[in-house]
file query.pdb (PDB, C-alpha atoms and all ligand atoms)
ATOM      1  CA  MET A  91      80.225 173.433 143.011
ATOM      2  CA  THR A  92      80.675 170.518 145.426
ATOM      3  CA  GLU A  93      83.539 168.056 144.981
ATOM      4  CA  PRO A  94      82.521 164.499 144.022
ATOM      5  CA  PRO A  95      82.925 162.073 146.956
ATOM      6  CA  PRO A  96      86.205 160.098 147.008
ATOM      7  CA  PRO A  97      85.898 156.624 145.483
ATOM      8  CA  LEU A  98      85.039 153.810 147.899
ATOM      9  CA  PRO A  99      87.831 151.310 148.620
ATOM     10  CA  TRP A 100      87.550 148.004 146.737
ATOM     11  CA  THR A 101      86.675 146.257 150.007
ATOM     12  CA  ALA A 102      83.449 148.252 150.403
ATOM     13  CA  TRP A 103      80.250 146.563 149.263
ATOM     14  CA  ARG A 104      78.168 148.838 147.056
ATOM     15  CA  GLU A 105      75.004 148.652 144.995
ATOM     16  CA  ALA A 106      75.437 148.474 141.248
ATOM     17  CA  THR A 107      72.528 148.802 138.850
ATOM     18  CA  ILE A 108      72.170 146.433 135.903
ATOM     19  CA  THR A 109      71.909 148.618 132.791
ATOM     20  CA  ALA A 110      71.801 145.915 130.092
ATOM     21  CA  VAL A 111      71.390 142.155 129.756
ATOM     22  CA  ALA A 112      72.140 140.202 126.574
ATOM     23  CA  PRO A 113      72.413 136.512 125.697
ATOM     24  CA  ILE A 114      75.928 135.557 124.559
ATOM     25  CA  THR A 115      75.565 131.788 124.135
ATOM     26  CA  PRO A 116      72.756 129.390 125.117
ATOM     27  CA  ARG A 117      74.254 129.255 128.658
ATOM     28  CA  VAL A 118      76.013 132.597 129.061
ATOM     29  CA  LYS A 119      74.550 136.060 129.512
ATOM     30  CA  SER A 120      76.287 139.437 129.461
ATOM     31  CA  PHE A 121      75.434 141.954 132.185
ATOM     32  CA  ARG A 122      76.372 145.648 132.082
ATOM     33  CA  LEU A 123      76.551 147.228 135.531
ATOM     34  CA  ALA A 124      76.961 150.915 136.398
ATOM     35  CA  VAL A 125      79.771 151.247 138.958
ATOM     36  CA  ASP A 126      81.840 154.177 140.238
ATOM     37  CA  PHE A 127      85.162 152.352 139.627
ATOM     38  CA  ALA A 128      84.628 151.515 135.935
ATOM     39  CA  ASP A 129      87.451 153.780 134.760
ATOM     40  CA  SER A 130      90.052 152.300 137.099
ATOM     41  CA  VAL A 131      89.591 148.623 136.191
ATOM     42  CA  ARG A 132      92.736 146.793 135.037
ATOM     43  CA  ALA A 133      92.296 144.056 132.426
ATOM     44  CA  GLY A 134      92.052 140.686 134.179
ATOM     45  CA  GLN A 135      90.481 141.884 137.422
ATOM     46  CA  HIS A 136      87.229 140.599 138.889
ATOM     47  CA  VAL A 137      84.443 141.652 141.242
ATOM     48  CA  ASP A 138      82.788 139.820 144.100
ATOM     49  CA  VAL A 139      79.003 139.629 143.931
ATOM     50  CA  ARG A 140      76.894 139.050 147.040
ATOM     51  CA  LEU A 141      73.260 137.925 147.054
ATOM     52  CA  THR A 142      71.157 138.126 150.208
ATOM     53  CA  ALA A 143      67.938 136.148 150.659
ATOM     54  CA  GLU A 144      64.962 137.462 152.643
ATOM     55  CA  ASP A 145      65.983 135.271 155.607
ATOM     56  CA  GLY A 146      69.470 136.834 155.606
ATOM     57  CA  TYR A 147      71.254 133.893 153.924
ATOM     58  CA  GLN A 148      74.104 135.194 151.770
ATOM     59  CA  ALA A 149      75.978 133.702 148.808
ATOM     60  CA  GLN A 150      79.100 135.319 147.401
ATOM     61  CA  ARG A 151      80.923 134.535 144.128
ATOM     62  CA  SER A 152      83.623 136.107 141.973
ATOM     63  CA  TYR A 153      83.066 137.226 138.365
ATOM     64  CA  SER A 154      85.727 138.491 135.992
ATOM     65  CA  ILE A 155      85.319 141.797 134.217
ATOM     66  CA  ALA A 156      85.069 141.347 130.432
ATOM     67  CA  SER A 157      85.234 145.027 129.565
ATOM     68  CA  ALA A 158      88.236 147.321 129.409
ATOM     69  CA  PRO A 159      87.624 150.889 130.631
ATOM     70  CA  ASP A 160      85.652 152.633 127.870
ATOM     71  CA  GLY A 161      84.308 155.783 129.509
ATOM     72  CA  SER A 162      80.784 154.331 129.785
ATOM     73  CA  GLY A 163      80.809 154.193 133.600
ATOM     74  CA  THR A 164      79.879 150.520 133.344
ATOM     75  CA  ILE A 165      81.590 147.144 133.533
ATOM     76  CA  GLU A 166      80.558 144.001 131.677
ATOM     77  CA  LEU A 167      80.265 140.580 133.335
ATOM     78  CA  MET A 168      79.617 137.334 131.446
ATOM     79  CA  ILE A 169      78.045 134.668 133.601
ATOM     80  CA  GLU A 170      77.588 131.020 132.641
ATOM     81  CA  ALA A 171      74.542 129.236 134.088
ATOM     82  CA  LEU A 172      75.794 126.096 135.861
ATOM     83  CA  PRO A 173      73.297 123.297 136.518
ATOM     84  CA  GLY A 174      71.920 123.906 140.031
ATOM     85  CA  GLY A 175      74.222 126.915 140.414
ATOM     86  CA  GLU A 176      73.121 129.127 143.272
ATOM     87  CA  VAL A 177      74.437 132.480 142.059
ATOM     88  CA  SER A 178      74.794 131.818 138.325
ATOM     89  CA  GLY A 179      71.211 130.488 138.382
ATOM     90  CA  PHE A 180      70.029 133.807 139.827
ATOM     91  CA  PHE A 181      71.747 135.681 137.018
ATOM     92  CA  ALA A 182      70.387 133.313 134.378
ATOM     93  CA  GLU A 183      66.786 133.353 135.523
ATOM     94  CA  VAL A 184      66.068 136.352 137.754
ATOM     95  CA  ALA A 185      68.447 139.300 137.261
ATOM     96  CA  ALA A 186      67.033 142.023 134.988
ATOM     97  CA  VAL A 187      67.736 145.578 133.819
ATOM     98  CA  GLY A 188      67.145 148.058 136.662
ATOM     99  CA  ASP A 189      67.971 145.558 139.440
ATOM    100  CA  ALA A 190      70.516 146.639 142.063
ATOM    101  CA  ILE A 191      73.224 144.045 142.763
ATOM    102  CA  GLU A 192      75.615 144.163 145.710
ATOM    103  CA  LEU A 193      79.251 143.936 144.636
ATOM    104  CA  ARG A 194      82.798 145.005 145.499
ATOM    105  CA  GLY A 195      85.934 145.494 143.453
ATOM    106  CA  PRO A 196      87.900 145.740 141.324
ATOM    107  CA  ILE A 197      89.941 142.846 142.759
ATOM    108  CA  GLY A 198      93.200 141.241 141.636
ATOM    109  CA  GLY A 199      96.786 142.386 141.315
ATOM    110  CA  ALA A 200      98.597 139.429 139.750
ATOM    111  CA  PHE A 201      96.254 138.272 136.990
ATOM    112  CA  VAL A 202      96.309 141.623 135.188
ATOM    113  CA  TRP A 203      97.837 142.871 131.986
ATOM    114  CA  GLY A 204      98.473 146.359 130.688
ATOM    115  CA  PRO A 205     100.573 147.771 127.830
ATOM    116  CA  GLU A 206     103.316 148.579 130.367
ATOM    117  CA  ASP A 207     103.778 144.792 130.785
ATOM    118  CA  GLY A 208     104.639 144.505 127.107
ATOM    119  CA  GLY A 209     104.565 141.349 125.023
ATOM    120  CA  PRO A 210     104.422 139.078 123.203
ATOM    121  CA  LEU A 211     101.265 138.044 125.015
ATOM    122  CA  LEU A 212      99.908 134.494 125.100
ATOM    123  CA  LEU A 213      96.357 133.961 126.369
ATOM    124  CA  VAL A 214      94.974 130.486 127.088
ATOM    125  CA  GLY A 215      91.306 130.143 128.012
ATOM    126  CA  GLY A 216      88.885 127.300 128.603
ATOM    127  CA  GLY A 217      85.105 127.866 128.503
ATOM    128  CA  SER A 218      84.063 130.897 130.565
ATOM    129  CA  GLY A 219      87.764 131.363 131.394
ATOM    130  CA  ILE A 220      87.876 133.550 128.286
ATOM    131  CA  VAL A 221      86.195 136.425 130.189
ATOM    132  CA  PRO A 222      89.241 138.140 131.788
ATOM    133  CA  LEU A 223      91.267 137.400 128.640
ATOM    134  CA  LEU A 224      88.631 139.252 126.617
ATOM    135  CA  ALA A 225      89.292 142.351 128.734
ATOM    136  CA  MET A 226      93.008 142.035 127.881
ATOM    137  CA  LEU A 227      92.243 141.637 124.164
ATOM    138  CA  ARG A 228      89.928 144.637 124.202
ATOM    139  CA  LEU A 229      92.524 146.765 125.993
ATOM    140  CA  ARG A 230      95.350 145.653 123.692
ATOM    141  CA  ALA A 231      93.287 146.501 120.601
ATOM    142  CA  ARG A 232      92.566 149.979 121.929
ATOM    143  CA  VAL A 233      95.891 151.054 123.386
ATOM    144  CA  ALA A 234      98.686 148.717 122.233
ATOM    145  CA  PRO A 235      97.735 146.953 118.972
ATOM    146  CA  GLU A 236     101.426 146.620 118.100
ATOM    147  CA  ILE A 237     101.934 144.021 120.855
ATOM    148  CA  PRO A 238     101.845 140.521 119.293
ATOM    149  CA  CYS A 239      99.201 138.303 120.853
ATOM    150  CA  ARG A 240      97.843 134.768 120.447
ATOM    151  CA  LEU A 241      94.760 133.229 122.048
ATOM    152  CA  ILE A 242      94.232 129.504 122.471
ATOM    153  CA  TYR A 243      90.542 129.060 123.311
ATOM    154  CA  ALA A 244      89.150 125.633 124.196
ATOM    155  CA  VAL A 245      85.374 125.167 124.203
ATOM    156  CA  ARG A 246      83.006 122.236 123.889
ATOM    157  CA  THR A 247      81.330 123.481 120.712
ATOM    158  CA  ARG A 248      81.406 126.620 118.569
ATOM    159  CA  ALA A 249      77.906 127.456 119.785
ATOM    160  CA  GLU A 250      79.242 127.569 123.354
ATOM    161  CA  ALA A 251      82.190 129.820 122.505
ATOM    162  CA  ILE A 252      81.855 133.212 124.207
ATOM    163  CA  ALA A 253      82.266 136.272 121.976
ATOM    164  CA  LEU A 254      83.249 134.085 119.010
ATOM    165  CA  ALA A 255      82.180 136.671 116.424
ATOM    166  CA  GLU A 256      84.311 139.310 118.163
ATOM    167  CA  LEU A 257      87.297 136.966 118.437
ATOM    168  CA  GLU A 258      87.096 135.905 114.793
ATOM    169  CA  ALA A 259      86.745 139.528 113.667
ATOM    170  CA  ARG A 260      89.804 140.475 115.720
ATOM    171  CA  ALA A 261      91.802 137.585 114.216
ATOM    172  CA  ARG A 262      90.789 138.756 110.735
ATOM    173  CA  ASP A 263      91.249 142.502 111.223
ATOM    174  CA  GLU A 264      93.970 142.970 113.835
ATOM    175  CA  PRO A 265      97.518 142.431 112.614
ATOM    176  CA  GLY A 266      99.520 140.677 115.295
ATOM    177  CA  PHE A 267      96.576 138.804 116.811
ATOM    178  CA  GLY A 268      95.969 135.125 116.138
ATOM    179  CA  LEU A 269      93.180 132.839 117.380
ATOM    180  CA  SER A 270      93.387 129.096 117.796
ATOM    181  CA  LEU A 271      89.933 127.697 118.597
ATOM    182  CA  LEU A 272      89.844 124.126 119.885
ATOM    183  CA  THR A 273      86.454 122.420 120.043
ATOM    184  CA  THR A 274      86.514 119.455 122.391
ATOM    185  CA  ARG A 275      83.134 117.936 121.528
ATOM    186  CA  GLU A 276      82.513 118.551 117.843
ATOM    187  CA  GLY A 277      84.308 118.416 114.512
ATOM    188  CA  ALA A 278      87.888 117.207 114.827
ATOM    189  CA  ALA A 279      87.456 117.138 118.620
ATOM    190  CA  ARG A 280      90.670 118.296 120.225
ATOM    191  CA  ARG A 281      91.718 119.268 123.725
ATOM    192  CA  ILE A 282      94.611 121.596 124.391
ATOM    193  CA  ASP A 283      97.793 119.670 123.658
ATOM    194  CA  ALA A 284     101.512 120.196 122.991
ATOM    195  CA  ASP A 285     100.859 120.855 119.292
ATOM    196  CA  ALA A 286      98.350 123.610 120.062
ATOM    197  CA  VAL A 287     100.854 125.298 122.359
ATOM    198  CA  ALA A 288     103.706 124.869 119.853
ATOM    199  CA  GLY A 289     101.527 126.292 117.055
ATOM    200  CA  ALA A 290     100.704 129.405 119.079
ATOM    201  CA  LEU A 291     104.332 129.915 120.099
ATOM    202  CA  ALA A 292     105.556 129.477 116.521
ATOM    203  CA  GLY A 293     103.502 132.473 115.426
ATOM    204  CA  LEU A 294     104.299 134.527 118.509
ATOM    205  CA  GLY A 295     107.881 134.070 119.639
ATOM    206  CA  ASP A 296     108.893 133.948 123.287
ATOM    207  CA  PRO A 297     105.994 135.371 125.341
ATOM    208  CA  ALA A 298     106.760 137.933 128.040
ATOM    209  CA  ARG A 299     103.418 137.195 129.698
ATOM    210  CA  VAL A 300     101.127 134.167 129.626
ATOM    211  CA  PHE A 301      97.656 134.174 131.178
ATOM    212  CA  VAL A 302      95.732 130.932 131.675
ATOM    213  CA  CYS A 303      92.124 130.866 132.876
ATOM    214  CA  GLY A 304      89.371 128.275 133.182
ATOM    215  CA  SER A 305      88.256 125.345 135.326
ATOM    216  CA  ASN A 306      90.716 123.704 137.730
ATOM    217  CA  PRO A 307      91.472 120.739 135.403
ATOM    218  CA  PHE A 308      91.865 123.005 132.361
ATOM    219  CA  VAL A 309      94.312 125.341 134.108
ATOM    220  CA  ALA A 310      96.313 122.390 135.451
ATOM    221  CA  ALA A 311      96.577 120.743 132.017
ATOM    222  CA  ALA A 312      97.407 123.973 130.188
ATOM    223  CA  SER A 313     100.029 125.021 132.755
ATOM    224  CA  GLU A 314     101.802 121.678 132.460
ATOM    225  CA  LEU A 315     101.928 122.014 128.672
ATOM    226  CA  LEU A 316     103.269 125.571 128.865
ATOM    227  CA  LEU A 317     106.022 124.556 131.278
ATOM    228  CA  ALA A 318     106.871 121.562 129.076
ATOM    229  CA  ALA A 319     107.163 123.986 126.138
ATOM    230  CA  GLY A 320     109.921 125.779 128.059
ATOM    231  CA  ILE A 321     108.072 128.883 129.256
ATOM    232  CA  ALA A 322     109.540 130.235 132.506
ATOM    233  CA  PRO A 323     107.127 129.695 135.434
ATOM    234  CA  ALA A 324     107.434 133.360 136.499
ATOM    235  CA  ARG A 325     105.880 134.446 133.194
ATOM    236  CA  ILE A 326     102.771 132.284 133.636
ATOM    237  CA  ARG A 327      99.786 133.665 135.556
ATOM    238  CA  THR A 328      96.739 131.497 136.261
ATOM    239  CA  GLU A 329      93.161 132.085 137.396
ATOM    240  CA  ARG A 330      90.961 129.143 138.403
ATOM    241  CA  PHE A 331      87.195 129.461 138.163
ATOM    242  CA  GLY A 332      86.453 126.226 140.109
ATOM    243  CA  GLY A 333      84.727 123.090 138.834
TER     244      GLY A 333
HETATM  245  C1  LIG B 401      88.407 134.887 140.166
HETATM  246  C2  LIG B 401      87.175 134.184 139.589
HETATM  247  C3  LIG B 401      86.547 134.728 138.479
HETATM  248  C4  LIG B 401      85.420 134.086 137.941
HETATM  249  N1  LIG B 401      84.832 134.629 136.825
HETATM  250  C5  LIG B 401      83.767 134.019 136.262
HETATM  251  C6  LIG B 401      83.165 134.554 135.074
HETATM  252  O1  LIG B 401      83.627 135.561 134.503
HETATM  253  N2  LIG B 401      82.073 133.915 134.568
HETATM  254  C7  LIG B 401      81.560 132.782 135.162
HETATM  255  O2  LIG B 401      80.559 132.268 134.649
HETATM  256  N3  LIG B 401      82.111 132.260 136.275
HETATM  257  C8  LIG B 401      83.179 132.849 136.863
HETATM  258  N4  LIG B 401      83.737 132.330 138.011
HETATM  259  C9  LIG B 401      83.068 131.198 138.685
HETATM  260  C10 LIG B 401      82.015 131.768 139.671
HETATM  261  O3  LIG B 401      82.658 132.456 140.728
HETATM  262  C11 LIG B 401      81.157 130.685 140.319
HETATM  263  O4  LIG B 401      81.992 129.696 140.892
HETATM  264  C12 LIG B 401      80.195 130.034 139.337
HETATM  265  O5  LIG B 401      79.308 131.015 138.778
HETATM  266  C13 LIG B 401      79.360 128.960 140.064
HETATM  267  O6  LIG B 401      78.652 129.550 141.117
HETATM  268  P1  LIG B 401      77.169 129.060 141.440
HETATM  269  O7  LIG B 401      76.771 129.704 142.738
HETATM  270  O8  LIG B 401      76.282 129.276 140.276
HETATM  271  O9  LIG B 401      77.345 127.491 141.593
HETATM  272  P2  LIG B 401      77.411 126.631 142.957
HETATM  273  O10 LIG B 401      76.037 126.604 143.544
HETATM  274  O11 LIG B 401      78.529 127.164 143.796
HETATM  275  O12 LIG B 401      77.860 125.230 142.370
HETATM  276  C14 LIG B 401      77.036 124.475 141.492
HETATM  277  C15 LIG B 401      77.800 123.293 140.923
HETATM  278  O13 LIG B 401      78.759 123.753 139.975
HETATM  279  C16 LIG B 401      80.081 123.331 140.316
HETATM  280  N5  LIG B 401      80.947 124.446 139.941
HETATM  281  C17 LIG B 401      81.181 125.589 140.641
HETATM  282  N6  LIG B 401      81.971 126.429 139.932
HETATM  283  C18 LIG B 401      82.233 125.805 138.755
HETATM  284  C19 LIG B 401      82.969 126.168 137.576
HETATM  285  N7  LIG B 401      83.596 127.364 137.453
HETATM  286  N8  LIG B 401      83.010 125.290 136.554
HETATM  287  C20 LIG B 401      82.366 124.097 136.630
HETATM  288  N9  LIG B 401      81.658 123.706 137.703
HETATM  289  C21 LIG B 401      81.588 124.539 138.750
HETATM  290  C22 LIG B 401      80.040 123.072 141.795
HETATM  291  O14 LIG B 401      81.026 122.118 142.147
HETATM  292  C23 LIG B 401      78.611 122.534 141.963
HETATM  293  O15 LIG B 401      78.554 121.194 141.605
HETATM  294  C24 LIG B 401      84.890 132.915 138.540
HETATM  295  C25 LIG B 401      85.537 132.388 139.677
HETATM  296  C26 LIG B 401      86.659 133.001 140.187
HETATM  297  C27 LIG B 401      87.331 132.390 141.405
END
call {"tool": "encode", "arguments": {"input": "query.pdb", "output": "structure tokens", "more": "lines below"}}
Ligand SMILES: Cc1cc2nc3c(=O)[nH]c(=O)nc-3n(C[C@H](O)[C@H](O)[C@H](O)COP(=O)(O)OP(=O)(O)OC[C@H]3O[C@@H](n4cnc5c(N)ncnc54)[C@H](O)[C@@H]3O)c2cc1C
result
Amino acid sequence: MTEPPPPLPWTAWREATITAVAPITPRVKSFRLAVDFADSVRAGQHVDVRLTAEDGYQAQRSYSIASAPDGSGTIELMIEALPGGEVSGFFAEVAAVGDAIELRGPIGGAFVWGPEDGGPLLLVGGGSGIVPLLAMLRLRARVAPEIPCRLIYAVRTRAEAIALAELEARARDEPGFGLSLLTTREGAARRIDADAVAGALAGLGDPARVFVCGSNPFVAAASELLLAAGIAPARIRTERFGG
């Protein structure tokens, strides 16, 4: 019997095959990709994806991993189609099951959470910034459900909320997990504010770890509110998606 080859380093580009595609919201699709590093992914990490045109032109972007290791040999990405977006447009309109995509990873050592980091855990996401937080929620549910956790999730509308059914089911069924959904463009429209942060902290206690992810303006606003609420800067980790 021959030994399996050693895993490639994260810096090596490799081909990953798309094994499933599913719509998540009107603008976001989920992609399952078969990769050799699926079992070693830490919640919060991302991959780099590289597209190459026939003339050799290349575009490279980062995408967070939504899945926690589950023995399937695959990772899940959730990609939002941005108007005129070069790479997200490819995923929205062209990418299909069976396609080989060039990627490398898993990447990221600071914006990661595991049960060894403990809790309480406060997650703050805006729009597609929920994706790496989803990996943390999925991991927590599987291996450390006793760790108290709150998620503040800001989205334009409920229809645009990623994995809303999963999040609401977790809030209903998982003791110790609470969801605060803020819709900025419907109902009692509300952006993240001091009250939202105070409400999450009231149910949680002093968080050992806080992860904030979303667009540049969202992360800036949320970080300011968290600091104003008295959370030590060293406990706050941020990931900016751009925009
Ligand atoms: C660590 C990391 C993880 C990420 N994970 C995810 C993920 O899980 N899912 C996901 O959908 N995206 C994610 N992103 C964003 C992603 O890398 C791309 O920036 C995004 O898909 C846009 O690329 P594009 O080629 O489609 O758009 P481009 O052609 O680069 O830009 C199109 C237009 O969109 C604007 N724009 C670019 N990025 C954003 C943004 N994030 N928000 C609003 N406007 C923007 C540009 O200014 C430009 O006007 C992540 C980014 C980082 C750094």
call {"tool": "atom_distance", "arguments": {"input": "query.pdb", "atom1": "atom O15 of ligand LIG 401 (chain B)", "atom2": "atom CA of A:Gly219"}}
result
17.1 Å
call {"tool": "residues_near_ligand", "arguments": {"input": "query.pdb", "ligand": "ligand LIG 401 (chain B)", "cutoff": "7 Å", "atoms": "all atoms listed in the file", "output": "PyMOL selection string"}}
result
chain A and resi 136+151-155+167-179+218-219+221-222+305+329-333
call {"tool": "resolve_selection", "arguments": {"input": "query.pdb", "expression": "the PyMOL selection byres (((chain A and resi 328) around 7) and not hetatm)", "output": "list in words"}}
result
Phe201, Phe301, Val302, Cys303, Val309, Ile326, Arg327, Glu329 and Arg330 of chain A
call {"tool": "resolve_selection", "arguments": {"input": "query.pdb", "expression": "the PyMOL selection byres (((chain A and resi 247) around 7) and not hetatm)", "output": "number ranges by chain"}}
result
A: 245-246, 248-251, 273-276
call {"tool": "write_last_selection", "arguments": {"input": "query.pdb", "atoms": "C-alpha atoms", "output": "compact mmCIF listing (two decimals), keeping the file's coordinate frame"}}
result
# COMPACT_ATOMS: atom_id res chain seq x y z
CA VAL A 245 85.37 125.17 124.20
CA ARG A 246 83.01 122.24 123.89
CA ARG A 248 81.41 126.62 118.57
CA ALA A 249 77.91 127.46 119.78
CA GLU A 250 79.24 127.57 123.35
CA ALA A 251 82.19 129.82 122.50
CA THR A 273 86.45 122.42 120.04
CA THR A 274 86.51 119.46 122.39
CA ARG A 275 83.13 117.94 121.53
CA GLU A 276 82.51 118.55 117.84
call {"tool": "atom_distance", "arguments": {"input": "query.pdb", "atom1": "atom CA of A:Ala318", "atom2": "atom CA of A:Gly134"}}
result
24.7 Å
call {"tool": "resolve_selection", "arguments": {"input": "query.pdb", "expression": "the PyMOL selection byres (((chain A and resi 196) around 6) and not hetatm)", "output": "list in words"}}
result
Trp100, His136, Val137, Gly195 and Ile197 of chain A
call {"tool": "residues_around", "arguments": {"input": "query.pdb", "residues": "A:Val233", "least_positions_apart": "5", "cutoff": "10 Å", "atoms": "only C-alpha atoms", "output": "PDB file with C-alpha atoms, in the coordinates of the input"}}
result
ATOM      1  CA  GLY A 204      98.473 146.359 130.688  1.00  0.00           C
ATOM      2  CA  PRO A 205     100.573 147.771 127.830  1.00  0.00           C
ATOM      3  CA  ARG A 228      89.928 144.637 124.202  1.00  0.00           C
TER       4      ARG A 228
END
call {"tool": "atom_distance", "arguments": {"input": "query.pdb", "atom1": "atom CA of A:Arg280", "atom2": "atom CA of A:Pro238"}}
result
24.9 Å
call {"tool": "axis_aligned_box", "arguments": {"input": "query.pdb", "around": "stretch 275-287 of chain A", "padding_each_side": "3 Å", "output": "AutoDock Vina command-line options"}}
result
--center_x 92.0 --center_y 121.2 --center_z 119.5 --size_x 25.0 --size_y 14.2 --size_z 15.9
call {"tool": "residues_around", "arguments": {"input": "query.pdb", "residues": "A:Gly161", "least_positions_apart": "5", "cutoff": "12 Å", "atoms": "only C-alpha atoms", "output": "list in words"}}
result
Ala124, Val125, Asp126, Phe127, Ala128, Asp129, Ser130 and Val131 of chain A
call {"tool": "write_last_selection", "arguments": {"input": "query.pdb", "atoms": "C-alpha atoms", "output": "PDB file, keeping the file's coordinate frame"}}
result
ATOM      1  CA  ALA A 124      76.961 150.915 136.398  1.00  0.00           C
ATOM      2  CA  VAL A 125      79.771 151.247 138.958  1.00  0.00           C
ATOM      3  CA  ASP A 126      81.840 154.177 140.238  1.00  0.00           C
ATOM      4  CA  PHE A 127      85.162 152.352 139.627  1.00  0.00           C
ATOM      5  CA  ALA A 128      84.628 151.515 135.935  1.00  0.00           C
ATOM      6  CA  ASP A 129      87.451 153.780 134.760  1.00  0.00           C
ATOM      7  CA  SER A 130      90.052 152.300 137.099  1.00  0.00           C
ATOM      8  CA  VAL A 131      89.591 148.623 136.191  1.00  0.00           C
TER       9      VAL A 131
END
call {"tool": "residues_around", "arguments": {"input": "query.pdb", "residues": "A:Ala110", "least_positions_apart": "3", "cutoff": "6 Å", "atoms": "all atoms listed in the file", "output": "MDAnalysis selection string"}}
result
chainID A and resid 121:122 187
call {"tool": "closest_residue", "arguments": {"input": "query.pdb", "among": "A:Gly277, A:Gly217, A:Gly293, A:Pro323", "to": "A:Arg117", "atoms": "all atoms listed in the file"}}
result
A:Gly217
call {"tool": "closest_residue", "arguments": {"input": "query.pdb", "among": "A:Glu314, A:Ala158, A:Ala190, A:Arg232", "to": "A:Asp283", "atoms": "all atoms listed in the file"}}
result
A:Glu314
call {"tool": "closest_residue", "arguments": {"input": "query.pdb", "among": "A:Val111, A:Trp203, A:Arg104, A:Gly295", "to": "A:Glu166", "atoms": "all atoms listed in the file"}}
result
A:Val111
call {"tool": "residues_around", "arguments": {"input": "query.pdb", "residues": "A:Val214", "least_positions_apart": "2", "cutoff": "9 Å", "atoms": "only C-alpha atoms", "output": "list in words"}}
result
Leu212, Gly216, Gly219, Ile220, Leu223, Arg240, Leu241, Ile242, Tyr243, Ala244, Val300, Phe301, Val302, Cys303, Gly304, Val309 and Ala312 of chain A
call {"tool": "closest_residue", "arguments": {"input": "query.pdb", "among": "A:Leu224, A:Leu98, A:Leu257, A:Ile252", "to": "A:Leu193", "atoms": "only C-alpha atoms"}}
result
A:Leu98
call {"tool": "closest_residue", "arguments": {"input": "query.pdb", "among": "A:Thr109, A:Gln148, A:Ser313, A:Thr164", "to": "A:Ala284", "atoms": "all atoms listed in the file"}}
result
A:Ser313
call {"tool": "closest_residue", "arguments": {"input": "query.pdb", "among": "A:Glu256, A:Leu315, A:Asn306, A:Gly320", "to": "A:Ala286", "atoms": "all atoms listed in the file"}}
result
A:Leu315
call {"tool": "decode", "arguments": {"input": "query.pdb", "residues": "stretch 185-203 of chain A", "atoms": "C-alpha atoms", "output": "PDB file, in the first residue's frame"}}
result
ATOM      1  CA  ALA A 185     -19.239  28.617 -12.155  1.00  0.00           C
ATOM      2  CA  ALA A 186     -20.997  25.227 -12.154  1.00  0.00           C
ATOM      3  CA  VAL A 187     -20.749  21.752 -10.614  1.00  0.00           C
ATOM      4  CA  GLY A 188     -17.756  19.868 -12.054  1.00  0.00           C
ATOM      5  CA  ASP A 189     -15.709  23.022 -12.771  1.00  0.00           C
ATOM      6  CA  ALA A 190     -12.133  23.121 -11.459  1.00  0.00           C
ATOM      7  CA  ILE A 191     -11.239  26.342  -9.620  1.00  0.00           C
ATOM      8  CA  GLU A 192      -7.709  27.390  -8.695  1.00  0.00           C
ATOM      9  CA  LEU A 193      -7.356  28.188  -4.998  1.00  0.00           C
ATOM     10  CA  ARG A 194      -4.959  28.146  -2.046  1.00  0.00           C
ATOM     11  CA  GLY A 195      -5.445  27.944   1.694  1.00  0.00           C
ATOM     12  CA  PRO A 196      -6.515  27.694   4.386  1.00  0.00           C
ATOM     13  CA  ILE A 197      -5.309  31.208   5.282  1.00  0.00           C
ATOM     14  CA  GLY A 198      -5.535  33.222   8.499  1.00  0.00           C
ATOM     15  CA  GLY A 199      -4.145  32.864  11.994  1.00  0.00           C
ATOM     16  CA  ALA A 200      -5.688  35.747  13.937  1.00  0.00           C
ATOM     17  CA  PHE A 201      -9.332  35.737  12.855  1.00  0.00           C
ATOM     18  CA  VAL A 202      -9.943  32.178  14.053  1.00  0.00           C
ATOM     19  CA  TRP A 203     -11.837  30.649  16.921  1.00  0.00           C
TER      20      TRP A 203
END
